[in-house]
Amino acid sequence: MSTILLIEQLLNGLQFGVMLFLMAAGLTLIFGVMGLINLAHGSLYMVGAFAAAGVAGLTGSFALALIASLAAAAMFGALIELTVIRRLYKRDHLDQVLATFALILVFSEGTRWAFGSFPLFLNIPDMLSGTVMLPGGIEYSLYRLTIIGIGLLVAAGLFLLISKTRVGMRIRAGENDREMISALGVDISVLYTLVFALGAALAGLSGALVGAIQSVEVGMGEPVLILAFVVIVIGGIGSIKGALAGAILVGVTDTMGRTLLPVIFGSFMDPSAATSVGSALASMLIYILMAGVLVFKPTGLFGEA
Amino acid sequence: MTEPILTVRDVHKAFGALKASDGISLDLKPGEIHALIGPNGAGKSTLIKQIAGGLTPDRGTVHFEGREISGDTVYERARLGLGRTFQISALAMQFTVLENVVLGLVGESGSVFRFFRPVMKNPAYLERAHHALKRVGLQDHAQTKTAELSHGQRRQLEVAVALTLEPKAFLMDEPMAGLGAEGSKALTGFLRELKAEAPILLVEHDMDAVFALADRISVLVYGKIIATGSVAEIRANPEVRAAYLGHEEVEA
Amino acid sequence: MLRETHLNGLLMLALLIVPLAALALNEPFIITLATKVTILALAGVGLNLALGQGGLISFGHAIFFGLGGYSMGILASHAQSFTPLMEVPFLIEGTKLMPVIWIVAIAVSCLAALLVGLLSLRTSGVYFIMVTLAFGQMFYYFAISWPAYGGEDGLVIFVRNEFPGLNTLVPIQFFGLCFAVLCAVLFFVSKLNKSAFGLALSGAHFNAERAETVGIDITRVRLVAFVISAGITGLAGALFADLNRFVSPTMFSWHTSGQIMIFIILGGVARLYGPIAGAAVYIILEHYLGAFSDYWQIYLGLILLFVVLFAQGGLIGGLSKREAAHD
């Protein structure tokens, strides 16, 4: 296997990781601030992708499609926060899990009803299609590189938002002491709706960006949601830094495992057996990684003891 | 001189820059009530957790009956005979009073992994449970849901559960908190009786109770024990007066 | 007045009478539906031990349901193709005998639960939910990508497995068998709930600190409960596979875990007979709403939302409370 292919796969892993970060950041923010586990986060990812595919189909503009994904996911996020989610903050995790699972059923079947069961396609805009030559003679997809860029920008923005702004201060205060923040006169329910909508918008953006690489279909958010959970378990809950580190670790491990394991097994097994054993093992690799973290640091790499 | 049952030696515990335990040493001898007092935030709860388990000291040891227990889990220490009551009632609120006591007996007898015999019909347990409830005066509330008990009754139940363990030493974290004058008085009398069975390390804010009960007092301030001695010695200690006790209280 | 025990009795009676009436009216499909309810209820009774009694919100019970299913699928597929399962170091052959399949299904599920539990129980709360969910997904992807037993397409077993003295191909006989298994497991779990172990398990749920302070190793108690719970759900998986004569990776999907959880919440959490009411309501909804709309899961979602937000205690809680208030 050539170095160039290896680096290309490394970049693919990074791109995958950055997308997982957008999902995991929203989840971990919502858990950190409101103490809520939201299974319907994957549905907001799907909403973003469908909104983007729909708007791109109507207008042909990728930029508008991205804006639509952000807006639609934030809107639906705010909507479910106002109608359902806010009744769950004081409930136990079982109620939260069940209610947000119910929301998944409603979102998935609702989308199937509105758009049908066939996948939609979102095309990469001309401006971003094709490849660029990276230093070292590596040809790499411009679009994927753009995704990495957008993801890192969002990560930087989130760090700034949380550490430097007034809203961020309120978010941090809310994490530490819910009573205090309401005593400060901050309208906590508005803050919660905003945080939830922000998390939803990140999920929607992620869905739209990935939608241009894969197909846009009902249920697309669920595998990503579970991977985002793996990211959070590895990174430590409530920590944006942990979400970023965990996401990139998971993204790179998964992508490299799928490329390398069949090759490694091929060096001592016959090719067809190597492919099946290698790919079966590769599909389990990140969960094995998670198990390892649980053994050595059950609260996650960046979690508090 | 009698050997202490419980010995804490040079225990250190820091949370970041905060030294919650800064070289604490104390012991508990058979037949005594040793009171631990100190202002809020002095590190009493941290110390209790290091004795009962749940927190491991950064440095230093805890010995129980001559055996080091610093690395043992909460349930292992309980099984050795360290009975604990909590500052805020830690009972299974959905259980009846009797079930809470029987839960203690199940733990004490190490018979957790019995899958078929109905535990609430076990005559040996029932007899011991009713006996413990009678001792704390809750015999009429055996079938009451714990959540329906008054604050004082929950305290009594805490003690009843601790009794079922037939502990070799008690750790009591503010047993008087929230009790009225009447309740405090009754509990004070009961604890005085109890110390003959097993010594008590008593963390308490109620100074009347402490002065009435304690054989020895240790004063904890900012993670350090600044004085240990009899009631009279502590009352007279100028350092304690300066650091902790109000003047009026001392002169009273 | 209608006490909860009476309601439970009525429920079991209904579950028995409906297929018998269907037999008299020559409606074999209804018998199959009742069998499905019985098997899914069994899966729910298993999960309820961990979730209701123990407070362990496992979103990974599809692992055990799937392992039970595949235990049946793999053993029966080898028996139907007359190829041994393995020859070295010793010969293991497939089988069509249900009792053997059940034992294997329970053993495999318990073993997997021991491993998953040892890792997952290092965490608690919301972590536990996420970790069990993730391990479930691991089994799902493994089943898809492992080609030996059908991969994504699953395994078809042409003839239902055998039980000595019965003709399992006759729907009412297979129903009777499943019903007997359910009754036996209910008896076992009700004993368990009232035992010292049951008290320790709910003690660890209601107040973990208290349970530890009286000398109970709560992690071990939870692990044992998780393993027993998995064994029951695994047995249900083997029966479910026999009902359909088909196993596929869907049995491992996280929707299956969610579904088993829905039976519990619809019926009432921590109520022994809750999953039976829940599974019955679920199958009735699936059958009748499904006929009325292809998108019946929207309605299921809305009903579930309503129950979670406004009707805690589920069906059994709601019915027995309301009736109790009348007297």
# chains A, B, ... in the order shown; residues from 1 in each chain; ligands from 1
$ residues_around --residues "Gln259 of chain C" --least-positions-apart "6" --cutoff "12 Å" --atoms "only C-alpha atoms" --output "VMD selection string"
(chain A and resid 98 101 to 102 105) or (chain C and resid 40 to 41 43 to 44 47 59 to 62 65 250 to 253 265 to 266 275 278 to 279 282 to 283 286 297 300 to 301 304)
$ residues_around --residues "Asn122 of chain B" --least-positions-apart "2" --cutoff "12 Å" --atoms "only C-alpha atoms" --output "list in words"
Glu99, Val102, Leu105, Val106, Ser111, Arg114, Phe116, Arg117, Pro118, Val119, Met120, Ala124, Tyr125, Leu126, Glu127, Arg128 and Ala129 of chain B; Lys194, Ser195 and Ala196 of chain C
$ write_last_selection --atoms "N, CA and C atoms" --output "CSV table (one decimal), in the first residue's frame"
chain,number,residue,atom,x,y,z
B,99,GLU,N,-38.3,-3.0,55.0
B,99,GLU,CA,-37.5,-3.4,53.9
B,99,GLU,C,-36.1,-2.8,54.0
B,102,VAL,N,-34.3,-4.8,56.6
B,102,VAL,CA,-33.9,-6.1,56.1
B,102,VAL,C,-32.8,-6.0,55.0
B,105,LEU,N,-29.7,-6.2,56.8
B,105,LEU,CA,-29.4,-7.6,57.3
B,105,LEU,C,-28.9,-8.4,56.1
B,106,VAL,N,-29.5,-8.3,55.0
B,106,VAL,CA,-29.0,-9.0,53.8
B,106,VAL,C,-27.5,-8.7,53.5
B,111,SER,N,-25.7,-12.6,52.4
B,111,SER,CA,-26.6,-13.5,51.7
B,111,SER,C,-27.3,-12.9,50.5
B,114,ARG,N,-29.0,-15.1,47.1
B,114,ARG,CA,-30.1,-16.1,47.3
B,114,ARG,C,-31.3,-15.7,46.5
B,116,PHE,N,-34.2,-17.6,45.7
B,116,PHE,CA,-35.6,-18.2,45.7
B,116,PHE,C,-36.3,-18.0,47.0
B,117,ARG,N,-35.6,-18.0,48.1
B,117,ARG,CA,-36.4,-17.8,49.4
B,117,ARG,C,-36.9,-16.4,49.5
B,118,PRO,N,-38.2,-16.2,49.8
B,118,PRO,CA,-38.7,-14.9,50.0
B,118,PRO,C,-38.1,-14.2,51.2
B,119,VAL,N,-37.4,-13.1,51.0
B,119,VAL,CA,-36.5,-12.6,52.0
B,119,VAL,C,-37.4,-11.9,53.1
B,120,MET,N,-38.6,-11.4,52.7
B,120,MET,CA,-39.4,-10.7,53.7
B,120,MET,C,-40.2,-11.7,54.6
B,124,ALA,N,-35.6,-15.3,60.9
B,124,ALA,CA,-34.4,-14.7,61.5
B,124,ALA,C,-34.2,-13.3,61.3
B,125,TYR,N,-34.4,-12.9,60.0
B,125,TYR,CA,-34.3,-11.5,59.6
B,125,TYR,C,-35.4,-10.6,60.3
B,126,LEU,N,-36.6,-11.2,60.2
B,126,LEU,CA,-37.7,-10.4,60.8
B,126,LEU,C,-37.5,-10.1,62.3
B,127,GLU,N,-37.0,-11.1,63.0
B,127,GLU,CA,-36.9,-11.0,64.4
B,127,GLU,C,-35.8,-9.9,64.7
B,128,ARG,N,-34.7,-10.0,64.0
B,128,ARG,CA,-33.6,-9.0,64.2
B,128,ARG,C,-34.1,-7.6,63.8
B,129,ALA,N,-34.8,-7.5,62.7
B,129,ALA,CA,-35.3,-6.2,62.2
B,129,ALA,C,-36.2,-5.6,63.1
C,194,LYS,N,-38.7,-11.3,45.0
C,194,LYS,CA,-39.0,-11.3,46.4
C,194,LYS,C,-37.9,-11.9,47.2
C,195,SER,N,-36.8,-12.3,46.6
C,195,SER,CA,-35.7,-12.9,47.3
C,195,SER,C,-34.8,-11.9,47.8
C,196,ALA,N,-33.8,-12.3,48.6
C,196,ALA,CA,-32.7,-11.4,49.1
C,196,ALA,C,-32.1,-10.7,47.9
$ residues_around --residues "Gly137 of chain A" --least-positions-apart "4" --cutoff "10 Å" --atoms "only C-alpha atoms" --output "number ranges by chain"
A: 4, 132-133
$ closest_atom_pairs --of "segment 82-142 of chain B" --to "segment 147-150 of chain B" --cutoff "10 Å" --atoms "only C-alpha atoms" --output "tab-separated table"
residue	atom	partner	partner_atom	distance
B:Leu91	CA	B:Ala147	CA	8.9
B:Ala92	CA	B:Ala147	CA	8.3
B:Met93	CA	B:Ala147	CA	4.7
B:Gln94	CA	B:Ala147	CA	6.5
B:Phe95	CA	B:Ala147	CA	8.0
B:Thr96	CA	B:Ala147	CA	8.3
B:Val97	CA	B:Leu149	CA	8.7
B:His141	CA	B:Leu149	CA	8.6
$ interface_residues --of "chain A" --to "chain C" --cutoff "6 Å" --atoms "only C-alpha atoms" --output "ChimeraX atom specification"
/A:99,102,105-106,109,229,280,284
$ write_last_selection --atoms "C-alpha atoms" --output "mmCIF file, in the first residue's frame"
data_model
loop_
_atom_site.group_PDB
_atom_site.id
_atom_site.type_symbol
_atom_site.label_atom_id
_atom_site.label_comp_id
_atom_site.auth_asym_id
_atom_site.auth_seq_id
_atom_site.Cartn_x
_atom_site.Cartn_y
_atom_site.Cartn_z
ATOM 1 C CA ALA A 99 -39.532 10.278 24.601
ATOM 2 C CA ALA A 102 -40.608 8.342 20.135
ATOM 3 C CA LEU A 105 -40.277 7.370 15.059
ATOM 4 C CA VAL A 106 -42.296 10.495 14.313
ATOM 5 C CA GLU A 109 -41.938 8.085 9.392
ATOM 6 C CA PHE A 229 -22.240 8.373 21.477
ATOM 7 C CA ALA A 280 -15.818 -7.864 10.033
ATOM 8 C CA MET A 284 -15.997 -3.635 15.367
#
$ atom_distance --atom1 "atom CA of Leu155 of chain C" --atom2 "atom CA of Phe246 of chain C"
5.7 Å
$ atom_distance --atom1 "atom CA of Ile264 of chain C" --atom2 "atom CA of Ala22 of chain C"
26.4 Å
$ closest_residue --among "C:Pro28, C:Gly46, C:Gly318, C:Gly150" --to "Phe175 of chain C" --atoms "only C-alpha atoms"
C:Pro28
$ residues_around --residues "segment 11-14 of chain C" --least-positions-apart "4" --cutoff "12 Å" --atoms "only C-alpha atoms" --output "ChimeraX atom specification"
/C:4-7,18-22,34,37-38,41,179-180,182-183,186,267,272-281,315-316,319
$ closest_residue --among "C:Pro84, C:Gly215, C:Gly68, C:Gly94" --to "Gly83 of chain B" --atoms "only C-alpha atoms"
C:Gly215
$ select_by_dssp --residues "segment 1-230 of chain B" --states "strand (DSSP E or B)" --output "MDAnalysis selection string"
chainID B and resid 6:15 18:28 33:37 59:64 67:68 82:85 96 118 145 169:173 200:203 216:221 224:229
$ residues_around --residues "His41 of chain A" --least-positions-apart "3" --cutoff "7 Å" --atoms "only C-alpha atoms" --output "list of chain:residue names"
A:Asn38, A:Leu44, A:Tyr45, A:Ala200, A:Ala203, A:Leu225
$ write_last_selection --atoms "C-alpha atoms" --output "short mmCIF file (atom, residue, chain, number, x, y, z; two decimals), in the first residue's frame"
data_model
loop_
_atom_site.label_atom_id
_atom_site.label_comp_id
_atom_site.auth_asym_id
_atom_site.auth_seq_id
_atom_site.Cartn_x
_atom_site.Cartn_y
_atom_site.Cartn_z
CA ASN A 38 -31.24 13.29 23.14
CA LEU A 44 -32.07 16.62 13.19
CA TYR A 45 -29.09 15.47 11.13
CA ALA A 200 -29.61 21.01 16.27
CA ALA A 203 -26.34 18.36 13.44
CA LEU A 225 -25.93 9.21 16.34
#
$ interface_residues --of "chain C" --to "chain B" --cutoff "10 Å" --atoms "only C-alpha atoms" --output "MDAnalysis selection string"
chainID C and resid 188:218 220:221 224
$ residues_around --residues "Ala160 of chain B" --least-positions-apart "4" --cutoff "8 Å" --atoms "only C-alpha atoms" --output "PDB file with N, CA and C atoms, in the first residue's frame"
ATOM      1  N   VAL B 101     -34.554  -2.025  56.705  1.00  0.00           N
ATOM      2  CA  VAL B 101     -33.786  -2.699  57.744  1.00  0.00           C
ATOM      3  C   VAL B 101     -33.343  -4.074  57.258  1.00  0.00           C
ATOM      4  N   ALA B 132     -34.385  -4.258  66.116  1.00  0.00           N
ATOM      5  CA  ALA B 132     -33.681  -2.995  65.847  1.00  0.00           C
ATOM      6  C   ALA B 132     -34.670  -1.834  65.801  1.00  0.00           C
ATOM      7  N   LEU B 133     -35.831  -2.054  65.184  1.00  0.00           N
ATOM      8  CA  LEU B 133     -36.828  -0.980  65.081  1.00  0.00           C
ATOM      9  C   LEU B 133     -37.337  -0.594  66.464  1.00  0.00           C
ATOM     10  N   ARG B 135     -35.688  -0.807  69.231  1.00  0.00           N
ATOM     11  CA  ARG B 135     -34.653  -0.063  69.969  1.00  0.00           C
ATOM     12  C   ARG B 135     -34.674   1.418  69.627  1.00  0.00           C
ATOM     13  N   VAL B 136     -34.997   1.759  68.375  1.00  0.00           N
ATOM     14  CA  VAL B 136     -35.024   3.180  68.018  1.00  0.00           C
ATOM     15  C   VAL B 136     -36.431   3.755  68.119  1.00  0.00           C
ATOM     16  N   GLN B 156     -34.026   8.106  62.915  1.00  0.00           N
ATOM     17  CA  GLN B 156     -34.105   6.914  63.759  1.00  0.00           C
ATOM     18  C   GLN B 156     -33.900   5.660  62.924  1.00  0.00           C
ATOM     19  N   THR B 164     -28.377  -2.960  62.666  1.00  0.00           N
ATOM     20  CA  THR B 164     -28.499  -4.328  62.165  1.00  0.00           C
ATOM     21  C   THR B 164     -27.155  -4.875  61.732  1.00  0.00           C
TER      22      THR B 164
END
$ residues_around --residues "segment 66-71 of chain B" --least-positions-apart "6" --cutoff "9 Å" --atoms "only C-alpha atoms" --output "list in words"
Glu3, Pro4, Ile5, Leu6, Thr7, Gln50, Ile51, Gly53, Thr56, Pro57, Gly60 and Arg77 of chain B
$ closest_residue --among "B:Ala196, B:Leu55, B:Leu201, B:Leu179" --to "chain A" --atoms "only C-alpha atoms"
B:Leu55
$ closest_residue --among "A:Thr131, A:Ser279, A:Ser163, A:Gln96" --to "Glu8 of chain A" --atoms "only C-alpha atoms"
A:Thr131
$ closest_residue --among "B:Gln87, B:Ser218, B:Ala212, B:Phe15" --to "chain A" --atoms "only C-alpha atoms"
B:Phe15
$ closest_residue --among "B:Ile24, B:Glu197, B:Gly229, B:Glu204" --to "Pro39 of chain B" --atoms "only C-alpha atoms"
B:Glu204
